[in-house]
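Let me begin by presenting the structure, written as structure tokens, before commenting on it.
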Amino acid sequence: MIRENKNFTKILFKDLNYRSHIKEHKFYEILGLKIKSEINLKNKTIKSHEENVNPNINKPFEPELDDLCRLHWLVLKRKVTTILEFGVGKSTLIFNDAMKKNKKNYFVFFKKNLRRNNLFECHSVDNQKKWINKVRNNNLLDHIRFHFAELNTGIFNDRICTYYNPLPNICPDFIYLDGPDQSSSKGDVRGINTNHPDRLPMSADILSIEHFLLPGTLIVVDGRTANARFLKTNLQRNWIYCHDEKNDQHFFELSEKPLGVYNQKQIKCCLGNSYYSRIIS
């Protein structure tokens, strides 16, 4: 069951001040940027109509500081323990910084009290070795585990989609969907695949592992509205969903009663009692 809550982003980003957060954590320095006072951090970058579907572009997109600030904020605020990231890029650097801070603040307590075996790791999956190598070779990323995977065309409930293979065998409490691109999947189903400039990315990896996810897990989809609607249509458990149209992001929180004592402890430590007001019965 999906329950749409248009005010969910107000809950997620309560008390977020973009400039204060960026100034405090200085994660922009990792990106090699200098913040200018006149930059409007809340403006969404509009790319050309061909830029997102051109498979020959080798230059990474310019970082969008508003998006990266929100990701950094969420990982810290929710005390995220394990990230699954689809698509390597600027966000990978931001996740590394946020996980480093979470480890510094919570490692001893979490190790003693929670059953989490990939504490403060971000597992980043991509089917493009060039992006993995570029990010890995140019940065010191102690909290990132890179995974190269093939991207194959397949089906989910007879709907054509794509799957990464293999996936890291982890239990994330935060999933970021910003990959794959639509032009690099292998194979087809009855002649159909995503490798066409008028097609759209359509990943089904999250759907295939939904039954393993723990209550309290948050999914963030960056743009990819068609893919987000595909998830919304096919997710079967109790999720809160919100589309932040202004910032072009989608949010799904698995809002169910805890599965047991360890999941309950994690929710208490990371999300607090306010989580229980969102539970879908």
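By convention in this document, the chains of the structure tokens carry letters A, B, ... by their order, each chain's residues are numbered from 1, and ligands are numbered from 1 in the order they are shown.
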Close residues, A:Arg237 itself excluded, 12 Å, only C-alpha atoms, min 4 positions apart in chain, as a VMD selection string = chain A and resid 1 to 3 207 209 to 215 217 231 to 233 241 252 to 257 279 to 281
Which polymer residues have any atom within 12 Å of an atom of A:Glu85, counting only C-alpha atoms, with same-chain residues fewer than 2 positions away left out, as a ChimeraX atom specification?
-> /A:71,82-83,87-96,121-126,144-147,164,167-168,170,172-180,205-206,218-222
Residues at most 8 Å from A:Gln182, counting only C-alpha atoms, excluding those fewer than 3 positions away in the same chain, as a VMD selection string?
-> chain A and resid 53 185 194 to 196 199 to 202
Looking at only C-alpha atoms, which of A:Ile155, A:Ala204, A:Ile267, A:Leu235 is the one that sits closest to A:Val189?
->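 The closest residue to A:Val189 is A:Ile155.
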Apply DSSP to the backbone of this structure and, from stretch 174-231 of chain A, keep only the residues in strand (DSSP E or B); write these as a PyMOL selection string.
-> chain A and resi 174-177+186+189+192+203+218-222
All alpha helix (DSSP H) residues (DSSP, backbone) inside stretch 106-142 of chain A, as a ChimeraX atom specification = /A:106-113,129-137
Using only C-alpha atoms, I'd like a table of the residues in stretch 126-239 of chain A that come within 12 Å of stretch 97-112 of chain A; for each, show the closest atom pair and its distance in Å rounded to one decimal, ordered by chain and ascending number, as JSON lines.
{"residue": "A:Asn139", "atom": "CA", "partner": "A:Asp97", "partner_atom": "CA", "distance": 11.4}
{"residue": "A:Leu140", "atom": "CA", "partner": "A:Asp97", "partner_atom": "CA", "distance": 10.3}
{"residue": "A:Leu141", "atom": "CA", "partner": "A:Asp97", "partner_atom": "CA", "distance": 8.4}
{"residue": "A:Asp142", "atom": "CA", "partner": "A:Lys100", "partner_atom": "CA", "distance": 8.1}
{"residue": "A:His143", "atom": "CA", "partner": "A:Met99", "partner_atom": "CA", "distance": 6.6}
{"residue": "A:Ile144", "atom": "CA", "partner": "A:Met99", "partner_atom": "CA", "distance": 9.0}
{"residue": "A:Phe174", "atom": "CA", "partner": "A:Met99", "partner_atom": "CA", "distance": 11.6}
